[in-house]
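Visitor: CSV, C-alpha atoms and all ligand atoms, file data_36.csv:
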```csv
chain,number,residue,atom,x,y,z
A,1,MET,CA,-243.9,82.3,-128.8
A,2,PHE,CA,-242.6,82.2,-132.4
A,3,LEU,CA,-239.6,84.4,-133.0
A,4,GLN,CA,-238.1,85.3,-136.3
A,5,GLU,CA,-234.4,84.6,-137.0
A,6,HIS,CA,-233.3,88.2,-136.3
A,7,GLN,CA,-235.3,88.6,-133.1
A,8,LYS,CA,-233.3,88.4,-129.8
A,9,ILE,CA,-234.2,88.4,-126.2
A,10,LEU,CA,-232.1,89.6,-123.3
A,11,HIS,CA,-231.7,86.9,-120.7
A,12,PHE,CA,-231.7,83.1,-120.8
A,13,ARG,CA,-234.7,81.6,-119.0
A,14,ASN,CA,-232.9,80.6,-115.8
A,15,HIS,CA,-230.2,83.2,-115.8
A,16,TYR,CA,-230.6,83.6,-112.0
A,17,GLU,CA,-228.5,80.4,-111.6
A,18,LEU,CA,-225.5,82.7,-112.0
A,19,THR,CA,-226.9,86.0,-111.0
A,20,ARG,CA,-228.4,85.2,-107.6
A,21,LYS,CA,-225.6,85.4,-105.1
A,22,ASN,CA,-226.5,82.1,-103.3
A,23,LEU,CA,-227.0,80.1,-106.5
A,24,MET,CA,-223.8,81.4,-108.1
A,25,VAL,CA,-221.8,80.1,-105.2
A,26,LYS,CA,-223.6,76.8,-105.1
A,27,ASN,CA,-222.8,76.2,-108.8
A,28,LEU,CA,-219.2,77.3,-108.3
A,29,LYS,CA,-218.7,75.0,-105.3
A,30,ARG,CA,-220.3,72.1,-107.1
A,31,PHE,CA,-218.0,72.5,-110.1
A,32,ARG,CA,-214.9,73.0,-107.9
A,33,LYS,CA,-215.7,69.7,-106.1
A,34,GLN,CA,-216.2,67.9,-109.4
A,35,THR,CA,-212.9,69.2,-110.7
A,36,ASP,CA,-211.1,68.1,-107.5
A,37,LYS,CA,-212.6,64.6,-107.9
A,38,GLU,CA,-211.7,64.3,-111.6
A,39,PHE,CA,-208.4,66.2,-111.9
A,40,GLY,CA,-207.1,66.6,-108.4
A,41,LYS,CA,-206.4,69.4,-105.8
A,42,LEU,CA,-204.1,71.5,-108.0
A,43,GLU,CA,-206.6,71.9,-110.8
A,44,ALA,CA,-209.4,72.6,-108.2
A,45,GLN,CA,-207.3,75.5,-106.9
A,46,SER,CA,-207.9,77.4,-110.1
A,47,TRP,CA,-211.5,77.7,-108.8
A,48,ASP,CA,-210.4,79.6,-105.6
A,49,PHE,CA,-211.5,82.9,-106.9
A,50,PHE,CA,-214.5,83.5,-104.8
A,51,PRO,CA,-214.3,84.2,-101.0
A,52,SER,CA,-215.6,81.5,-98.7
A,53,THR,CA,-219.4,81.8,-98.7
A,54,PHE,CA,-222.4,80.2,-97.0
A,55,GLU,CA,-226.1,80.5,-97.6
A,56,LEU,CA,-228.2,81.5,-94.6
A,57,PRO,CA,-230.2,80.2,-92.9
A,58,SER,CA,-229.7,76.8,-94.6
A,59,GLU,CA,-226.0,76.5,-94.0
A,60,TYR,CA,-225.9,78.3,-90.6
A,61,HIS,CA,-224.3,75.4,-88.8
A,62,ILE,CA,-221.5,74.9,-91.3
A,63,PHE,CA,-220.9,78.6,-91.3
A,64,VAL,CA,-220.5,78.6,-87.5
A,65,GLU,CA,-217.9,75.9,-87.7
A,66,GLU,CA,-215.9,77.9,-90.3
A,67,PHE,CA,-216.4,81.1,-88.2
A,68,LYS,CA,-214.9,79.3,-85.2
A,69,ARG,CA,-211.9,78.1,-87.2
A,70,ASN,CA,-211.1,81.7,-88.2
A,71,PRO,CA,-211.2,83.9,-85.1
A,72,GLY,CA,-211.0,87.6,-85.8
A,73,MET,CA,-212.0,87.3,-89.4
A,74,ILE,CA,-214.4,89.9,-90.8
A,75,TRP,CA,-217.6,88.6,-92.5
A,76,ILE,CA,-220.1,90.4,-94.8
A,77,MET,CA,-223.8,89.6,-94.9
A,78,LYS,CA,-225.7,90.2,-98.1
A,79,PRO,CA,-229.3,89.5,-99.1
A,80,ALA,CA,-229.2,86.9,-101.9
A,81,ALA,CA,-231.6,88.6,-104.2
A,82,LYS,CA,-231.1,92.3,-103.6
A,83,SER,CA,-228.8,94.8,-105.2
A,84,GLN,CA,-227.4,98.3,-104.8
A,85,GLY,CA,-225.9,97.5,-101.4
A,86,LYS,CA,-229.4,97.1,-99.8
A,87,GLY,CA,-229.4,95.1,-96.6
A,88,ILE,CA,-225.6,94.6,-96.5
A,89,PHE,CA,-223.6,94.7,-93.3
A,90,LEU,CA,-220.2,93.6,-91.9
A,91,PHE,CA,-219.5,91.9,-88.6
A,92,ARG,CA,-216.8,90.3,-86.5
A,93,LYS,CA,-218.8,88.6,-83.7
A,94,LEU,CA,-221.5,86.0,-84.0
A,95,LYS,CA,-223.6,88.0,-81.6
A,96,ASP,CA,-223.7,90.8,-84.2
A,97,ILE,CA,-226.0,88.6,-86.2
A,98,THR,CA,-228.4,87.6,-83.5
A,99,ASP,CA,-230.9,90.2,-84.5
A,100,TRP,CA,-230.8,88.9,-88.0
A,101,LYS,CA,-231.1,85.3,-86.7
A,102,LYS,CA,-234.2,86.2,-84.7
A,103,GLY,CA,-235.7,87.6,-87.9
A,104,GLU,CA,-235.7,91.1,-86.4
A,105,TYR,CA,-233.1,92.5,-88.8
A,106,GLN,CA,-235.2,94.3,-91.4
A,107,PRO,CA,-233.1,97.0,-93.1
A,108,LEU,CA,-235.8,97.6,-95.7
A,109,PRO,CA,-238.9,95.4,-95.3
A,110,ASP,CA,-239.6,93.5,-98.5
A,111,PRO,CA,-243.3,93.3,-99.2
A,112,ASN,CA,-242.7,90.3,-101.4
A,113,ILE,CA,-241.3,88.2,-98.5
A,114,PRO,CA,-243.8,87.0,-95.9
A,115,LYS,CA,-242.7,88.0,-92.4
A,116,ASP,CA,-242.5,84.5,-91.1
A,117,ILE,CA,-240.1,83.3,-93.8
A,118,PRO,CA,-236.5,84.4,-93.1
A,119,GLU,CA,-234.9,86.1,-96.1
A,120,THR,CA,-232.1,84.2,-97.8
A,121,TYR,CA,-228.7,85.8,-97.2
A,122,VAL,CA,-225.2,84.9,-98.1
A,123,VAL,CA,-222.4,85.3,-95.5
A,124,GLN,CA,-219.0,85.7,-97.1
A,125,ARG,CA,-215.4,86.3,-96.0
A,126,TYR,CA,-214.8,90.0,-96.2
A,127,ILE,CA,-211.7,90.8,-98.3
A,128,ASP,CA,-210.1,93.0,-95.6
A,129,ASP,CA,-206.9,93.8,-97.6
A,130,PRO,CA,-208.2,95.4,-100.8
A,131,TYR,CA,-205.8,96.9,-103.3
A,132,LEU,CA,-205.9,100.6,-102.6
A,133,ILE,CA,-205.3,103.6,-104.9
A,134,GLY,CA,-204.9,106.9,-103.1
A,135,GLY,CA,-205.9,105.1,-99.9
A,136,ARG,CA,-209.3,104.1,-101.3
A,137,LYS,CA,-210.9,100.8,-102.1
A,138,PHE,CA,-212.4,100.1,-105.6
A,139,ASP,CA,-214.0,97.3,-107.5
A,140,MET,CA,-214.0,96.6,-111.2
A,141,ARG,CA,-217.1,96.4,-113.3
A,142,ILE,CA,-216.5,94.2,-116.3
A,143,TYR,CA,-219.0,93.6,-119.1
A,144,VAL,CA,-219.4,90.2,-120.6
A,145,LEU,CA,-221.6,89.2,-123.4
A,146,VAL,CA,-222.7,85.6,-123.9
A,147,ILE,CA,-224.5,84.8,-127.1
A,148,SER,CA,-224.6,81.1,-126.6
A,149,PHE,CA,-224.1,78.7,-123.7
A,150,ASN,CA,-223.9,75.6,-126.0
A,151,PRO,CA,-221.4,75.9,-127.5
A,152,LEU,CA,-220.1,78.6,-125.1
A,153,LYS,CA,-219.4,81.9,-127.0
A,154,VAL,CA,-218.3,84.8,-124.9
A,155,TRP,CA,-217.3,88.4,-125.6
A,156,LEU,CA,-215.4,90.7,-123.2
A,157,TYR,CA,-215.7,94.5,-123.3
A,158,ARG,CA,-212.5,96.5,-123.2
A,159,GLY,CA,-214.2,99.6,-121.8
A,160,GLY,CA,-215.2,98.6,-118.2
A,161,PHE,CA,-214.3,100.7,-115.2
A,162,ALA,CA,-213.3,100.8,-111.6
A,163,ARG,CA,-215.6,102.2,-109.0
A,164,PHE,CA,-213.9,103.9,-106.0
A,165,SER,CA,-215.1,104.5,-102.5
A,166,ASN,CA,-215.4,108.2,-101.7
A,167,THR,CA,-213.8,107.7,-98.3
A,168,ARG,CA,-210.3,106.4,-97.3
A,169,PHE,CA,-210.2,102.7,-96.4
A,170,SER,CA,-210.0,101.6,-92.8
A,171,LEU,CA,-211.1,98.7,-90.7
A,172,ASP,CA,-211.9,100.9,-87.7
A,173,SER,CA,-215.6,101.4,-88.5
A,174,LEU,CA,-217.2,98.4,-90.1
A,175,GLU,CA,-220.6,100.0,-90.1
A,176,ASP,CA,-219.5,102.8,-92.5
A,177,THR,CA,-220.9,101.7,-95.9
A,178,TYR,CA,-219.2,104.6,-97.7
A,179,ILE,CA,-215.8,103.0,-96.9
A,180,HIS,CA,-216.7,99.3,-97.5
A,181,LEU,CA,-219.2,99.3,-100.4
A,182,THR,CA,-218.0,100.6,-103.6
A,183,ASN,CA,-221.1,100.3,-105.7
A,184,VAL,CA,-222.2,103.7,-107.2
A,185,ALA,CA,-225.7,103.3,-105.8
A,186,VAL,CA,-224.1,103.6,-102.3
A,187,GLN,CA,-221.4,106.1,-103.1
A,188,LYS,CA,-223.7,108.6,-104.9
A,189,THR,CA,-225.6,109.2,-101.6
A,190,SER,CA,-222.3,110.2,-99.9
A,191,PRO,CA,-222.4,113.9,-98.9
A,192,ASP,CA,-219.3,114.9,-100.9
A,193,TYR,CA,-220.1,112.8,-104.0
A,194,ASP,CA,-219.3,114.7,-107.3
A,195,PRO,CA,-220.9,113.0,-110.3
A,196,GLU,CA,-218.6,114.6,-112.8
A,197,LYS,CA,-215.4,113.9,-111.0
A,198,GLY,CA,-217.2,110.7,-110.0
A,199,CYS,CA,-215.7,107.8,-108.3
A,200,LYS,CA,-214.7,106.1,-111.5
A,201,TRP,CA,-211.7,105.3,-113.5
A,202,SER,CA,-211.9,103.7,-117.0
A,203,ALA,CA,-210.4,100.2,-117.4
A,204,GLN,CA,-207.7,101.8,-119.5
A,205,GLN,CA,-206.7,104.3,-116.8
A,206,LEU,CA,-206.6,101.6,-114.2
A,207,ARG,CA,-204.5,99.4,-116.5
A,208,LYS,CA,-202.0,102.2,-117.1
A,209,TYR,CA,-201.7,102.9,-113.4
A,210,LEU,CA,-201.2,99.3,-112.5
A,211,VAL,CA,-198.7,98.7,-115.4
A,212,ALA,CA,-196.7,101.8,-114.2
A,213,ARG,CA,-196.6,100.4,-110.6
A,214,HIS,CA,-196.2,96.7,-111.2
A,215,GLY,CA,-195.0,96.1,-114.7
A,216,ILE,CA,-196.8,94.7,-117.8
A,217,ASP,CA,-196.1,91.0,-116.9
A,218,THR,CA,-197.8,91.2,-113.5
A,219,VAL,CA,-200.8,93.1,-114.9
A,220,ARG,CA,-201.2,90.7,-117.8
A,221,LEU,CA,-201.2,87.8,-115.3
A,222,MET,CA,-203.9,89.6,-113.3
A,223,PHE,CA,-206.1,90.1,-116.4
A,224,THR,CA,-205.6,86.5,-117.4
A,225,ALA,CA,-206.8,85.5,-113.9
A,226,ILE,CA,-209.9,87.6,-114.5
A,227,ASP,CA,-210.5,85.9,-117.9
A,228,ASN,CA,-210.2,82.6,-116.0
A,229,ILE,CA,-212.9,83.8,-113.5
A,230,ILE,CA,-215.2,84.7,-116.4
A,231,ILE,CA,-214.9,81.5,-118.3
A,232,LYS,CA,-215.0,79.2,-115.2
A,233,SER,CA,-218.1,80.9,-113.8
A,234,LEU,CA,-219.9,80.5,-117.1
A,235,GLN,CA,-218.8,76.9,-117.4
A,236,SER,CA,-220.2,76.2,-114.0
A,237,VAL,CA,-223.7,76.7,-115.3
A,238,GLN,CA,-223.1,75.8,-118.9
A,239,LYS,CA,-225.1,72.6,-118.6
A,240,ILE,CA,-227.8,74.1,-116.4
A,241,ILE,CA,-228.7,77.3,-118.4
A,242,ILE,CA,-231.5,76.6,-120.9
A,243,ASN,CA,-229.8,77.5,-124.1
A,244,ASP,CA,-231.8,79.2,-126.8
A,245,LYS,CA,-230.4,80.7,-130.0
A,246,HIS,CA,-232.7,83.8,-129.6
A,247,CYS,CA,-231.3,84.6,-126.1
A,248,PHE,CA,-228.3,86.5,-125.1
A,249,GLU,CA,-227.0,87.9,-121.8
A,250,MET,CA,-224.9,91.0,-120.9
A,251,TYR,CA,-223.5,90.4,-117.5
A,252,GLY,CA,-221.8,93.0,-115.2
A,253,TYR,CA,-219.1,91.2,-113.3
A,254,ASP,CA,-217.9,92.7,-110.0
A,255,ILE,CA,-214.3,91.9,-109.3
A,256,LEU,CA,-212.3,93.1,-106.3
A,257,LEU,CA,-208.5,93.1,-106.2
A,258,ASP,CA,-206.7,92.3,-103.0
A,259,SER,CA,-203.4,93.8,-101.9
A,260,SER,CA,-201.5,91.1,-103.8
A,261,LEU,CA,-203.5,91.9,-107.0
A,262,LYS,CA,-205.4,88.7,-106.8
A,263,PRO,CA,-208.8,89.2,-108.4
A,264,TRP,CA,-211.9,87.9,-106.4
A,265,LEU,CA,-215.3,87.4,-107.9
A,266,ILE,CA,-217.9,89.4,-105.8
A,267,GLU,CA,-221.0,88.9,-107.9
A,268,ILE,CA,-222.4,88.7,-111.4
A,269,ASN,CA,-225.3,91.1,-112.3
A,270,ALA,CA,-227.8,90.1,-114.9
A,271,SER,CA,-229.0,93.7,-115.6
A,272,PRO,CA,-226.0,95.9,-115.0
A,273,SER,CA,-226.9,99.6,-114.5
A,274,LEU,CA,-227.0,101.6,-117.7
A,275,THR,CA,-227.6,104.8,-115.9
A,276,ALA,CA,-224.9,107.4,-116.6
A,277,SER,CA,-223.4,109.3,-113.8
A,278,GLY,CA,-221.7,112.0,-116.0
A,279,GLN,CA,-220.8,112.8,-119.6
A,280,GLU,CA,-217.9,110.3,-119.8
A,281,ASP,CA,-220.1,107.6,-118.3
A,282,TYR,CA,-222.9,108.4,-120.8
A,283,GLU,CA,-220.5,107.9,-123.7
A,284,LEU,CA,-219.3,104.6,-122.2
A,285,LYS,CA,-222.8,103.2,-121.8
A,286,PHE,CA,-223.9,104.5,-125.1
A,287,GLY,CA,-220.9,102.9,-126.9
A,288,LEU,CA,-221.4,99.7,-125.0
A,289,LEU,CA,-225.0,99.3,-126.2
A,290,HIS,CA,-224.1,100.3,-129.7
A,291,ASP,CA,-221.4,97.6,-129.8
A,292,VAL,CA,-223.8,95.0,-128.3
A,293,LEU,CA,-226.1,95.5,-131.2
A,294,ASN,CA,-223.2,95.1,-133.6
A,295,VAL,CA,-222.2,91.8,-132.1
A,296,LEU,CA,-225.8,90.6,-132.2
A,297,ASP,CA,-225.7,91.4,-135.9
A,298,LEU,CA,-229.5,91.6,-136.3
A,299,GLU,CA,-229.0,92.6,-140.0
A,300,ASN,CA,-226.8,89.7,-140.8
A,301,ARG,CA,-223.8,91.8,-141.9
A,302,LEU,CA,-221.0,89.9,-140.3
A,303,THR,CA,-219.1,86.8,-141.4
A,304,GLY,CA,-219.2,85.1,-138.0
A,305,LYS,CA,-215.4,84.9,-138.0
A,306,GLU,CA,-214.8,88.3,-136.3
A,307,LYS,CA,-212.7,88.4,-133.2
A,308,ARG,CA,-213.1,92.1,-132.4
A,309,ILE,CA,-216.3,94.1,-132.8
A,310,GLY,CA,-216.3,97.7,-131.5
A,311,GLY,CA,-215.1,97.4,-127.9
A,312,TRP,CA,-215.9,93.7,-127.7
A,313,ASP,CA,-213.1,91.1,-127.9
A,314,LEU,CA,-214.0,87.5,-128.5
A,315,LEU,CA,-212.8,85.6,-125.4
A,316,TRP,CA,-214.1,82.1,-125.8
A,317,ASP,CA,-215.5,80.4,-128.8
A,318,ASP,CA,-216.0,76.8,-127.6
A,319,GLY,CA,-212.4,77.1,-126.6
A,320,PRO,CA,-209.9,80.0,-125.9
A,321,VAL,CA,-209.5,82.7,-128.5
A,322,PHE,CA,-206.2,84.5,-128.7
A,323,ILE,CA,-206.0,88.1,-129.8
A,324,ASP,CA,-203.1,90.4,-129.4
A,325,ALA,CA,-203.2,91.6,-125.8
A,326,MET,CA,-199.9,93.6,-126.5
A,327,GLU,CA,-202.0,96.3,-128.2
A,328,GLN,CA,-203.5,97.3,-124.9
A,329,ASP,CA,-200.1,98.1,-123.4
A,330,ALA,CA,-198.5,99.7,-126.4
A,331,GLY,CA,-196.3,102.6,-125.4
A,332,LEU,CA,-196.0,101.6,-121.7
A,333,PRO,CA,-192.6,100.6,-120.1
A,334,SER,CA,-192.4,97.2,-118.5
A,335,ILE,CA,-192.1,98.8,-115.1
A,336,LEU,CA,-191.8,102.4,-114.0
A,337,THR,CA,-188.6,103.3,-112.2
A,338,PRO,CA,-187.2,106.8,-111.6
A,339,ASN,CA,-185.3,106.4,-114.8
A,340,SER,CA,-188.3,105.4,-116.9
A,341,PHE,CA,-188.8,108.9,-118.3
A,342,LEU,CA,-185.2,109.0,-119.6
A,343,GLY,CA,-185.0,108.3,-123.2
A,344,CYS,CA,-188.7,108.2,-123.8
A,345,ASP,CA,-190.1,110.2,-126.7
A,346,ASN,CA,-192.4,113.1,-125.8
A,347,GLN,CA,-195.6,111.2,-126.4
A,348,ARG,CA,-194.6,108.4,-124.1
A,349,LYS,CA,-193.4,110.8,-121.5
A,350,SER,CA,-196.7,112.6,-121.4
A,351,GLN,CA,-198.5,109.3,-121.3
A,352,LEU,CA,-196.6,108.3,-118.1
A,353,ARG,CA,-197.0,111.8,-116.6
A,354,GLU,CA,-200.7,111.5,-117.2
A,355,THR,CA,-200.9,108.2,-115.3
A,356,TYR,CA,-199.1,109.7,-112.4
A,357,ALA,CA,-201.0,113.0,-112.5
A,358,LEU,CA,-204.2,111.0,-112.3
A,359,ALA,CA,-203.0,109.0,-109.3
A,360,GLU,CA,-201.7,112.1,-107.5
A,361,ALA,CA,-204.8,114.1,-108.2
A,362,PHE,CA,-206.8,111.2,-106.8
A,363,LYS,CA,-204.7,111.0,-103.7
A,364,ASN,CA,-204.9,114.8,-103.0
A,365,SER,CA,-208.6,114.9,-103.5
A,366,SER,CA,-209.3,112.9,-100.4
B,401,LIG,N1,-216.5,89.7,-99.8
B,401,LIG,C1,-216.4,91.0,-100.0
B,401,LIG,N2,-215.2,91.5,-99.6
B,401,LIG,C2,-215.0,92.9,-99.7
B,401,LIG,N3,-215.9,93.7,-100.2
B,401,LIG,C3,-217.1,93.2,-100.6
B,401,LIG,C4,-217.4,91.8,-100.5
B,401,LIG,N4,-218.6,91.6,-101.0
B,401,LIG,C5,-219.1,92.8,-101.4
B,401,LIG,N5,-218.2,93.8,-101.1
B,401,LIG,C6,-218.3,95.2,-101.4
B,401,LIG,O1,-219.7,95.5,-101.3
B,401,LIG,C7,-220.2,96.0,-102.5
B,401,LIG,C8,-221.6,95.5,-102.8
B,401,LIG,O2,-221.6,94.1,-102.9
B,401,LIG,P1,-222.4,93.3,-103.9
B,401,LIG,O3,-222.0,93.7,-105.3
B,401,LIG,O4,-222.2,91.8,-103.6
B,401,LIG,O5,-223.9,93.7,-103.5
B,401,LIG,P2,-225.1,94.3,-104.3
B,401,LIG,O6,-226.0,94.9,-103.3
B,401,LIG,O7,-225.7,93.2,-105.1
B,401,LIG,O8,-224.5,95.4,-105.3
B,401,LIG,P3,-224.7,95.7,-106.9
B,401,LIG,O9,-225.5,97.0,-106.9
B,401,LIG,O10,-223.4,95.8,-107.4
B,401,LIG,O11,-225.5,94.6,-107.4
B,401,LIG,C9,-219.2,95.6,-103.6
B,401,LIG,O12,-219.2,96.5,-104.6
B,401,LIG,C10,-217.9,95.6,-102.8
B,401,LIG,O13,-217.3,96.9,-102.7
```
Mind turning this structure into structure tokens?

Guide:
Amino acid sequence: MFLQEHQKILHFRNHYELTRKNLMVKNLKRFRKQTDKEFGKLEAQSWDFFPSTFELPSEYHIFVEEFKRNPGMIWIMKPAAKSQGKGIFLFRKLKDITDWKKGEYQPLPDPNIPKDIPETYVVQRYIDDPYLIGGRKFDMRIYVLVISFNPLKVWLYRGGFARFSNTRFSLDSLEDTYIHLTNVAVQKTSPDYDPEKGCKWSAQQLRKYLVARHGIDTVRLMFTAIDNIIIKSLQSVQKIIINDKHCFEMYGYDILLDSSLKPWLIEINASPSLTASGQEDYELKFGLLHDVLNVLDLENRLTGKEKRIGGWDLLWDDGPVFIDAMEQDAGLPSILTPNSFLGCDNQRKSQLRETYALAEAFKNSS
């Protein structure tokens, strides 16, 4: 098909290399192994941002060995090619997956999969100590725009959000999806879900809260670790993706923080949901798409040297790009202590109060 210079297509041809759960992990593991060989163990450790994962049924035996090495560990089973929490379940004992093994576990029969072929799953270590706010688990949805894989050019959106579970976290009932799965598709079916109050915080709200609790330096380190996840995951498929100057990709990264604020990559979505759950969410998604069009620059208005376009910051342009991260934290103290309000001007005081009011309101609403 002939495309004119200004015509663009969403998706590179084999984007599933990064967006199917089993293939993403296969590519990440291959790259980590290669890094270990070429640069040593220490460098390879910077790839330890995805929980231990195996493809089933093909890696069942390696999984069983790992399972036995880690008694008591909780595992999560996920169909490789489904989304919205469909078919996901948690388990502690091998016998809990015997139904699945016998091919009798059919949460939602898939007409595209013949009955005699077992559906591909991934089994993954469950992060059982998530960072909690108001007693609830959340994950972060981060938007990433790739306009070229070769050379790699990546934009990161400042306006992502955190998606909270509606129910307080506990390890007592592993079968309760409202506790363990934070995707909106699951949470919105919860009986007490309120779309306007929602289960969402903007990335800015989350950042303010974390800065107030842990200080700017810790939070910056955490966000740098997230940048590392984004770049390394893209590099792991850089040579595999069929690059095309007409193609672009807007990924939705799902990142989970554990109790030590370490970010873990859960999955990368090729077509992140653009459905709005309320007015604020509508504005976010609308702004996001508007800014995507500006980065794509279909009318050739930009110089190509821009580092910030709307809510998008250039993160990688065949190498790291440095833009002033300080701006994000302007007006926040390095750490919040009982004395932090003293000596603040009124604007700053109300900013801090707002952060805490948010956290308290959230705690009390459960
Ligand atoms: N290893 C894990 N440890 C802890 N929680 C996890 C893990 N994997 C998934 N989850 C939880 O389950 C939810 C759904 O997982 P995941 O995003 O992999 O599935 P999905 O069905 O593809 O969802 P989506 O609709 O986001 O595409 C996550 O949002 C997260 O809350």

Visitor: With only C-alpha atoms as the basis for distance, which of A:Ala81, A:Met73, A:Cys247, A:Ile62 is at the shortest distance from Asp129 in chain A?

Guide: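 The closest residue to Asp129 in chain A is A:Met73.
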
Visitor: Please check which residues have atoms at most 8 Å from (-219.0, 77.1, -128.3) in the file's coordinates, counting all atoms listed in the file, and write them as a PyMOL selection string.

Guide: chain A and resi 148-153+316-319

Visitor: Rounded to one decimal, what separation in Å do you get between CA of Lys95 in chain A and atom C1 of ligand LIG 401 (chain B)?

Guide: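 The value is 20.0 Å.
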
Visitor: How would you write, as a PyMOL selection string, the set of residues no farther than 8 Å from ligand LIG 401 (chain B) when counting all atoms listed in the file?

Guide: chain A and resi 21+51+75-76+78-88+124-128+130+137-139+165+180-185+254+256+266-269+272

Visitor: Tell me which of A:Glu66, A:Asp313, A:Glu280, A:Asp192 sits closest to Val295 in chain A, counting only C-alpha atoms.

Guide: A:Asp313

Visitor: Compare A:Tyr157, A:Tyr178, A:Phe286, A:Trp201 by their minimum atom-to-atom distance to Gly252 in chain A, counting only C-alpha atoms, and give me the closest one.

Guide: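 Of A:Tyr157, A:Tyr178, A:Phe286, A:Trp201, the one nearest Gly252 in chain A is A:Tyr157, counting only C-alpha atoms.
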
Visitor: Can you work out the spacing between CA of Phe12 in chain A and CA of Arg158 in chain A in Å, to one decimal?

Guide: 23.5 Å

Visitor: Can you work out the spacing between CA of Gly278 in chain A and CA of Cys199 in chain A in Å, to one decimal?

Guide: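 Taking CA of Gly278 in chain A as the start and CA of Cys199 in chain A as the end point, the length is 10.6 Å.
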
Visitor: Nearest to Ala203 in chain A among A:Phe169, A:Trp47, A:Tyr60, A:Tyr143, with distances taken over all atoms listed in the file: which residue is it?

Guide: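 Of A:Phe169, A:Trp47, A:Tyr60, A:Tyr143, the one nearest Ala203 in chain A, counting all atoms listed in the file, is A:Tyr143.
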
Visitor: For a quick check of understanding, using all atoms listed in the file, which of A:Ala44, A:Ile147, A:Tyr209, A:Thr98 has the smallest distance to Asp297 in chain A?

Guide: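 Closest candidate: A:Ile147.
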
Visitor: Hey, what's within 12 Å of Thr35 in chain A if we count all atoms listed in the file and toss same-chain stuff fewer than 5 positions away? As a list in words, please?

Guide: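 In the requested format, the answer is Leu28, Lys29, Arg30, Gly40, Lys41, Leu42, Glu43, Ala44, Gln45, Ser46, Trp47, Asp48, Lys232, Gln235 and Ser236 of chain A.
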
Visitor: Grab the residues selected above and save them as an mmCIF file, keeping the file's coordinate frame with C-alpha atoms.

Guide:
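The resulting again_30.cif:
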```cif
data_model
loop_
_atom_site.group_PDB
_atom_site.id
_atom_site.type_symbol
_atom_site.label_atom_id
_atom_site.label_comp_id
_atom_site.auth_asym_id
_atom_site.auth_seq_id
_atom_site.Cartn_x
_atom_site.Cartn_y
_atom_site.Cartn_z
ATOM 1 C CA LEU A 28 -219.200 77.300 -108.300
ATOM 2 C CA LYS A 29 -218.700 75.000 -105.300
ATOM 3 C CA ARG A 30 -220.300 72.100 -107.100
ATOM 4 C CA GLY A 40 -207.100 66.600 -108.400
ATOM 5 C CA LYS A 41 -206.400 69.400 -105.800
ATOM 6 C CA LEU A 42 -204.100 71.500 -108.000
ATOM 7 C CA GLU A 43 -206.600 71.900 -110.800
ATOM 8 C CA ALA A 44 -209.400 72.600 -108.200
ATOM 9 C CA GLN A 45 -207.300 75.500 -106.900
ATOM 10 C CA SER A 46 -207.900 77.400 -110.100
ATOM 11 C CA TRP A 47 -211.500 77.700 -108.800
ATOM 12 C CA ASP A 48 -210.400 79.600 -105.600
ATOM 13 C CA LYS A 232 -215.000 79.200 -115.200
ATOM 14 C CA GLN A 235 -218.800 76.900 -117.400
ATOM 15 C CA SER A 236 -220.200 76.200 -114.000
#
```

Visitor: Would you kindly return, as a short mmCIF file (atom, residue, chain, number, x, y, z; two decimals) with C-alpha atoms, in the frame of the given file, each protein, DNA or RNA residue with an atom no farther than 12 Å from any atom of Gly159 in chain A, considering only C-alpha atoms and excluding same-chain residues fewer than 2 positions away?

Guide:
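So out-v1.cif came out as:
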```cif
data_model
loop_
_atom_site.label_atom_id
_atom_site.label_comp_id
_atom_site.auth_asym_id
_atom_site.auth_seq_id
_atom_site.Cartn_x
_atom_site.Cartn_y
_atom_site.Cartn_z
CA MET A 140 -214.00 96.60 -111.20
CA ARG A 141 -217.10 96.40 -113.30
CA ILE A 142 -216.50 94.20 -116.30
CA TYR A 143 -219.00 93.60 -119.10
CA VAL A 144 -219.40 90.20 -120.60
CA LEU A 156 -215.40 90.70 -123.20
CA TYR A 157 -215.70 94.50 -123.30
CA PHE A 161 -214.30 100.70 -115.20
CA ALA A 162 -213.30 100.80 -111.60
CA TRP A 201 -211.70 105.30 -113.50
CA SER A 202 -211.90 103.70 -117.00
CA ALA A 203 -210.40 100.20 -117.40
CA GLN A 204 -207.70 101.80 -119.50
CA GLN A 205 -206.70 104.30 -116.80
CA LEU A 206 -206.60 101.60 -114.20
CA ARG A 207 -204.50 99.40 -116.50
CA GLU A 280 -217.90 110.30 -119.80
CA ASP A 281 -220.10 107.60 -118.30
CA GLU A 283 -220.50 107.90 -123.70
CA LEU A 284 -219.30 104.60 -122.20
CA LYS A 285 -222.80 103.20 -121.80
CA PHE A 286 -223.90 104.50 -125.10
CA GLY A 287 -220.90 102.90 -126.90
CA LEU A 288 -221.40 99.70 -125.00
CA LEU A 289 -225.00 99.30 -126.20
CA ASP A 291 -221.40 97.60 -129.80
CA GLY A 310 -216.30 97.70 -131.50
CA GLY A 311 -215.10 97.40 -127.90
CA TRP A 312 -215.90 93.70 -127.70
CA ASP A 313 -213.10 91.10 -127.90
CA GLN A 328 -203.50 97.30 -124.90
#
```

Visitor: Compare A:Leu3, A:Leu296, A:Val154, A:Val123 by their minimum atom-to-atom distance to Gln238 in chain A, counting only C-alpha atoms, and give me the closest one.

Guide: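 The shortest atom-to-atom distance to Gln238 in chain A comes from A:Val154.
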